[in-house]
Amino acid sequence: MSHTFHIPVLGLGYSIDTPLKVARYGISSTVSIVDDELTERMRQYHARLSGEAYIPILKKEEDARARRITAYLDLIDRLVNRQFEAMKALPFEAGNDLCRYFELLPEHARLKQGYDLMLELSDEWQKTHFQELLKREMKRGPVDVNIMSKVDKMNYTANGDSSGELNTDALAALRGFARSCLQSSVILSAGMNPRLYSYLETFADFYPDENGLLRKKVILKVSDFRSAFIQAKFLAKKGIWVSEFRVESGLNCGGHAFATEGHLLGPILEEFREKRREMVVELFQGYQNALLEKGITCMETPVQRLSVQGGIGTASENEFLLDHYEMDATGWGSPFLLVPEVTNVDQETLEQLEHAEEDDYYVSGASPLGILFNNFKKSTAETQRLERLGHNRPGSPCTKKYLCTNTEFTEKPICTASREYQQLKLRQLNTLHLPGPVYEQQYQSVVEKTCLCEGLCASAYIRYDMLKPRENKAVAICPGPNLAYFSRIYTLDEMINHIYGTVDLLGKIRRPHMFIKELNLYIDYLQRDLQSQLKDLSDKKKKQLMKFKLQLQDGISYYKTLFTEATGQKHLRFQDWIGELTCSEAKLSAIEIQE
């Protein structure tokens with residue numbers, strides 16, 4: 001691919017149709033396929049907008065979830081192809097989409113250099129010939145899909161019977177992608193799900209064809225080398241190749257945050273750089289043997305890319321990650337929430353994001369999954385949650401049931417953000433006669449949960465005027481803390497030029513280096529974890545916290561060496577960063593964990 005960045009999945013609705021906005025320019029983006037109700041409604045909208053027939057797939061129909069996802073992805077594929085071919089048919093005229101395709105490319109891209117050379121040609125025959133060569137080399141951007149592996153609840157028939165293991169949420173979503181026409185990747189995130197991973201074996205498109213090509217690929221979103229290697233080995237032994245590892249910061253990211261045990265992004269990337277080639281060799285051996293058992297011959301090691309995302313904010317950071325750690329690509333997510341050409345953010349939320357400050361972005365316990373969640377204080381979903389508490393009506397009506405995992409009070413799982421669960425839990429809490437501070441802490445941990453199924457779709461429905469009567473219009477949004485430094489609406493061209501360093505959208509804004517920002521988020525996380533357990537700190541927990549602290553200290557030592565010796569950074573902020581590291585080190589040293 002000519003572009004060296006991708007747009008990761010952004011919530012549910014925010015990037016649900018991003019490929020229709022960027023894929024024709026060769027830009028890779030990701031669609032969430034968690035919510036088949038959302039994909040079905042978006043299929044209806046875009047089919048009618050493009051003049052295609054729309055035949056509904058009703059929820060009660062057989063295999064409806066998988067079929068809805070397939071139908072939507074096939075529509076996206078057709079529309080992107082249509083856009084791309086129409087763009088290629090254009091003449092090279094300044095200001096049109098064809099020229100924009102090449103102008104958005106990074107300066108070092110071979111196609112961009114060829115385009116610049118073509119513009120300088122004076123001979124018309126040569127110019128026309130060169131233009132045809134350029135068009136022949138153009139490629140549309142991949143339309144990848146994201147499945148959260150652990151969001152995999154069982155489903156039930158109208159009679160209350162289980163619909164079977166092949167119809168769990170994650171497996172049905174995978175089936176929907178596997179049966180689609182897309183030639184792209186499924187991104188598996190949120191940890192390992194052996195049942196889902198094994199299901200990949202049943203689809204031919206995940207195996208190499210007679211030319212060694214994979215019609216569909218697997219990307220793993222990971223937080224460290226060890227988990228990446230374990231998951232990839234599991235898949236390789238089944239004849240499934242991991243075509244890319246997407247390394248994401250544990251805390252300096254958007255959406256759900258998967259904190260490591262104090263392992264910081266820089267040292268994690270260093271380990272990938274040191275062990276990457278050795279890992280590929282070992283994985284290929286297991287992969288090749290598994291394919292032979294299935295009667296498939298594969299002589300050449302498939303490509304395995306490595307990318308990184310989470311908190312990248314400047315062109316120099318972007319370039320350093322690509323050069324120093326030998327990354328193939330970087331992911332830029334949250335900043336694109338301020339690019340209306342690319343994502344679906346309603347006007348009210350857009351204005352809130354424009355004027356937000358650092359304190360408005362925080363790591364919360366809002367997710368019903370019990371996983372840390374990057375939240376936004378000014379969202380209308382948060383306002384609604386507090387209003388409901390004020391009226392003594394905690395919790396939300398549970399309409400979609402994608403995050404139903406709790407069986408504490410019921411036989412069938414329910415959602416911890418639901419009104420049903422929160423009323424039951426608070427009733428139990430009131431019988432325990434807890435001391436005031438303990439009660440308040442537990443009370444807040446219950447009522448902090450918010451409905452993400454509706455909240456993360458609402459913005460798209462508002463943007464496209466698709467809200468149904470009485471449908472909840474409170475918007476939940478989950479940007480990474482990095483968005484605090486971007487403070488206005490941007491065009492696609494501006495954001496891409498910022499990524500590649502031809503413009504600087506942050507100007508003189510004071511902003512910590514992405515590595516230092518993540519470090520400080522981890523120090524705050526350690527402090528909160530320690531304070532929450534001060535009165536009942538077991539020996540096991542003390543050892544865990546001490547190990548966490550030591551990992552952070554090792555990370556600081558690594559960064560001091562990196563900032564002193566790395567030759568990729570060529571500006572004068574070295575001393576600033578080392579000064580910031582010293583402050584972080586002092587803050588970490590002040591955290592006392594009694595032996």
# chains A, B, ... in the order shown; residues from 1 in each chain; ligands from 1

call {"tool": "closest_atom_pairs", "arguments": {"of": "segment 420-508 of chain A", "to": "segment 335-343 of chain A", "cutoff": "12 Å", "atoms": "only C-alpha atoms", "output": "Markdown table"}}
result
| residue | atom | partner | partner_atom | distance |
| --- | --- | --- | --- | --- |
| A:Ser459 | CA | A:Thr343 | CA | 9.9 |
| A:Ala460 | CA | A:Thr343 | CA | 8.7 |
| A:Arg463 | CA | A:Thr343 | CA | 9.9 |
| A:Tyr464 | CA | A:Thr343 | CA | 11.8 |
| A:Ile477 | CA | A:Leu337 | CA | 9.6 |
| A:Cys478 | CA | A:Leu337 | CA | 10.0 |
| A:Pro479 | CA | A:Leu337 | CA | 8.0 |
| A:Gly480 | CA | A:Pro335 | CA | 8.8 |
| A:Pro481 | CA | A:Pro335 | CA | 10.1 |
| A:Asn482 | CA | A:Pro335 | CA | 7.8 |
| A:Leu483 | CA | A:Pro335 | CA | 5.7 |
| A:Ala484 | CA | A:Pro335 | CA | 9.2 |
| A:Tyr485 | CA | A:Pro335 | CA | 9.1 |
| A:Phe486 | CA | A:Pro335 | CA | 6.9 |
| A:Ser487 | CA | A:Leu338 | CA | 8.3 |
| A:Arg488 | CA | A:Leu338 | CA | 6.9 |
| A:Ile489 | CA | A:Leu338 | CA | 5.1 |
| A:Tyr490 | CA | A:Val339 | CA | 5.1 |
| A:Thr491 | CA | A:Val339 | CA | 5.6 |
| A:Leu492 | CA | A:Val339 | CA | 6.3 |
| A:Asp493 | CA | A:Val339 | CA | 9.7 |
| A:Glu494 | CA | A:Val339 | CA | 9.2 |
| A:Met495 | CA | A:Phe336 | CA | 7.6 |
| A:Ile496 | CA | A:Phe336 | CA | 9.8 |
| A:His498 | CA | A:Pro335 | CA | 10.6 |
| A:Ile499 | CA | A:Pro335 | CA | 10.3 |
| A:Leu505 | CA | A:Pro335 | CA | 10.7 |
| A:Leu506 | CA | A:Pro335 | CA | 11.3 |

call {"tool": "select_by_dssp", "arguments": {"residues": "segment 376-518 of chain A", "states": "strand (DSSP E or B)", "output": "PyMOL selection string"}}
result
chain A and resi 376+396+406+414+418

call {"tool": "atom_distance", "arguments": {"atom1": "atom CA of Leu213 of chain A", "atom2": "atom CA of Pro142 of chain A"}}
result
15.3 Å

call {"tool": "closest_residue", "arguments": {"among": "A:Gln113, A:Gln551, A:Ser185, A:Thr128", "to": "Thr30 of chain A", "atoms": "only C-alpha atoms"}}
result
A:Ser185

call {"tool": "residues_around", "arguments": {"residues": "Thr416 of chain A", "least_positions_apart": "5", "cutoff": "9 Å", "atoms": "only C-alpha atoms", "output": "ChimeraX atom specification"}}
result
/A:367-370,395,403-406,421-422,446-447,449-451

call {"tool": "write_last_selection", "arguments": {"atoms": "C-alpha atoms", "output": "CSV table (one decimal), in the first residue's frame"}}
result
chain,number,residue,atom,x,y,z
A,367,SER,CA,-18.0,-0.4,30.0
A,368,PRO,CA,-20.4,-3.2,30.9
A,369,LEU,CA,-17.6,-5.6,29.9
A,370,GLY,CA,-15.7,-4.7,33.1
A,395,GLY,CA,-29.2,2.2,34.5
A,403,LEU,CA,-23.0,-6.9,26.2
A,404,CYS,CA,-25.0,-9.3,28.4
A,405,THR,CA,-22.5,-11.2,30.4
A,406,ASN,CA,-23.6,-11.1,34.1
A,421,TYR,CA,-29.0,-5.3,37.0
A,422,GLN,CA,-28.3,-1.9,38.7
A,446,VAL,CA,-22.2,0.0,39.8
A,447,VAL,CA,-23.9,3.2,38.4
A,449,LYS,CA,-21.7,1.6,33.8
A,450,THR,CA,-23.4,3.1,30.7
A,451,CYS,CA,-25.1,1.6,27.6

call {"tool": "closest_residue", "arguments": {"among": "A:Gln575, A:Thr399, A:Thr564, A:Asn81", "to": "Cys181 of chain A", "atoms": "only C-alpha atoms"}}
result
A:Asn81

call {"tool": "residues_around", "arguments": {"residues": "Val475 of chain A", "least_positions_apart": "2", "cutoff": "7 Å", "atoms": "only C-alpha atoms", "output": "list in words"}}
result
Ser379, Thr380, Ala381, Gly455, Leu456, Ala458, Ser459, Lys473 and Ile477 of chain A

call {"tool": "closest_residue", "arguments": {"among": "A:Glu282, A:Glu261, A:Asp465, A:Glu107", "to": "Asn344 of chain A", "atoms": "only C-alpha atoms"}}
result
A:Asp465

call {"tool": "residues_around", "arguments": {"residues": "Ile147 of chain A", "least_positions_apart": "3", "cutoff": "12 Å", "atoms": "only C-alpha atoms", "output": "VMD selection string"}}
result
chain A and resid 9 11 to 12 30 to 36 69 144 150 to 152 169 to 177 185 to 193 196 to 197 218 to 221

call {"tool": "select_by_dssp", "arguments": {"residues": "segment 307-403 of chain A", "states": "alpha helix (DSSP H)", "output": "VMD selection string"}}
result
chain A and resid 315 to 324 347 to 354 380 to 390

call {"tool": "write_last_selection", "arguments": {"atoms": "C-alpha atoms", "output": "PDB file, in the first residue's frame"}}
result
ATOM      1  CA  ALA A 315       4.566  13.682  11.995  1.00  0.00           C
ATOM      2  CA  SER A 316       7.887  13.302  13.851  1.00  0.00           C
ATOM      3  CA  GLU A 317       6.408  10.671  16.180  1.00  0.00           C
ATOM      4  CA  ASN A 318       4.865   8.939  13.183  1.00  0.00           C
ATOM      5  CA  GLU A 319       8.122   8.939  11.231  1.00  0.00           C
ATOM      6  CA  PHE A 320      10.138   7.755  14.232  1.00  0.00           C
ATOM      7  CA  LEU A 321       7.853   4.748  14.763  1.00  0.00           C
ATOM      8  CA  LEU A 322       8.176   3.773  11.111  1.00  0.00           C
ATOM      9  CA  ASP A 323      11.932   4.236  10.954  1.00  0.00           C
ATOM     10  CA  HIS A 324      13.315   3.315  14.357  1.00  0.00           C
ATOM     11  CA  GLN A 347     -22.888  18.463  15.404  1.00  0.00           C
ATOM     12  CA  GLU A 348     -23.378  18.835  19.169  1.00  0.00           C
ATOM     13  CA  THR A 349     -20.678  16.289  20.004  1.00  0.00           C
ATOM     14  CA  LEU A 350     -18.383  17.759  17.360  1.00  0.00           C
ATOM     15  CA  GLU A 351     -18.580  21.188  19.020  1.00  0.00           C
ATOM     16  CA  GLN A 352     -17.921  19.616  22.430  1.00  0.00           C
ATOM     17  CA  LEU A 353     -14.810  17.865  21.104  1.00  0.00           C
ATOM     18  CA  GLU A 354     -13.565  21.082  19.500  1.00  0.00           C
ATOM     19  CA  THR A 380     -24.703  13.526  26.170  1.00  0.00           C
ATOM     20  CA  ALA A 381     -24.656   9.881  27.305  1.00  0.00           C
ATOM     21  CA  GLU A 382     -22.773  10.905  30.439  1.00  0.00           C
ATOM     22  CA  THR A 383     -25.197  13.792  30.983  1.00  0.00           C
ATOM     23  CA  GLN A 384     -28.130  11.394  30.639  1.00  0.00           C
ATOM     24  CA  ARG A 385     -26.546   8.909  33.068  1.00  0.00           C
ATOM     25  CA  LEU A 386     -26.194  11.607  35.733  1.00  0.00           C
ATOM     26  CA  GLU A 387     -29.758  12.857  35.140  1.00  0.00           C
ATOM     27  CA  ARG A 388     -31.109   9.342  35.631  1.00  0.00           C
ATOM     28  CA  LEU A 389     -29.173   9.068  38.882  1.00  0.00           C
ATOM     29  CA  GLY A 390     -30.652  12.389  39.970  1.00  0.00           C
TER      30      GLY A 390
END

call {"tool": "closest_residue", "arguments": {"among": "A:Gln428, A:Ala86, A:Asp161, A:Ser307", "to": "Ile7 of chain A", "atoms": "only C-alpha atoms"}}
result
A:Ser307

call {"tool": "residues_around", "arguments": {"residues": "His46 of chain A", "least_positions_apart": "4", "cutoff": "10 Å", "atoms": "only C-alpha atoms", "output": "list in words"}}
result
Asp17, Leu20, Arg41, Met42, Ser50, Gly51, Glu52, Tyr54, Tyr72, Leu75, Ile76 and Leu79 of chain A

call {"tool": "closest_residue", "arguments": {"among": "A:Gly26, A:Gly250, A:Pro8, A:Pro194", "to": "Tyr525 of chain A", "atoms": "only C-alpha atoms"}}
result
A:Gly250

call {"tool": "closest_residue", "arguments": {"among": "A:Asn167, A:Asn146, A:Gln131, A:Gln527", "to": "Leu117 of chain A", "atoms": "only C-alpha atoms"}}
result
A:Gln131

call {"tool": "residues_around", "arguments": {"residues": "Leu90 of chain A", "least_positions_apart": "4", "cutoff": "12 Å", "atoms": "only C-alpha atoms", "output": "number ranges by chain"}}
result
A: 83-86, 94-101, 131-132, 135

call {"tool": "write_last_selection", "arguments": {"atoms": "C-alpha atoms", "output": "PDB file, in the first residue's frame"}}
result
ATOM      1  CA  GLN A  83     -16.389   5.038  -6.767  1.00  0.00           C
ATOM      2  CA  PHE A  84     -12.892   3.833  -7.589  1.00  0.00           C
ATOM      3  CA  GLU A  85     -13.632   2.988 -11.229  1.00  0.00           C
ATOM      4  CA  ALA A  86     -15.472   6.285 -11.729  1.00  0.00           C
ATOM      5  CA  ALA A  94      -6.535  19.983 -11.114  1.00  0.00           C
ATOM      6  CA  GLY A  95      -8.954  19.802  -8.190  1.00  0.00           C
ATOM      7  CA  ASN A  96     -10.759  16.578  -9.102  1.00  0.00           C
ATOM      8  CA  ASP A  97     -10.790  13.275  -7.195  1.00  0.00           C
ATOM      9  CA  LEU A  98      -8.249  11.626  -9.477  1.00  0.00           C
ATOM     10  CA  CYS A  99      -5.605  14.244  -8.797  1.00  0.00           C
ATOM     11  CA  ARG A 100      -6.574  14.227  -5.125  1.00  0.00           C
ATOM     12  CA  TYR A 101      -5.783  10.496  -4.971  1.00  0.00           C
ATOM     13  CA  GLN A 131      -1.094   8.896 -17.060  1.00  0.00           C
ATOM     14  CA  GLU A 132      -2.290   5.473 -18.185  1.00  0.00           C
ATOM     15  CA  LYS A 135      -3.923   4.696 -13.393  1.00  0.00           C
TER      16      LYS A 135
END

call {"tool": "atom_distance", "arguments": {"atom1": "atom CA of Arg179 of chain A", "atom2": "atom CA of Glu61 of chain A"}}
result
17.3 Å
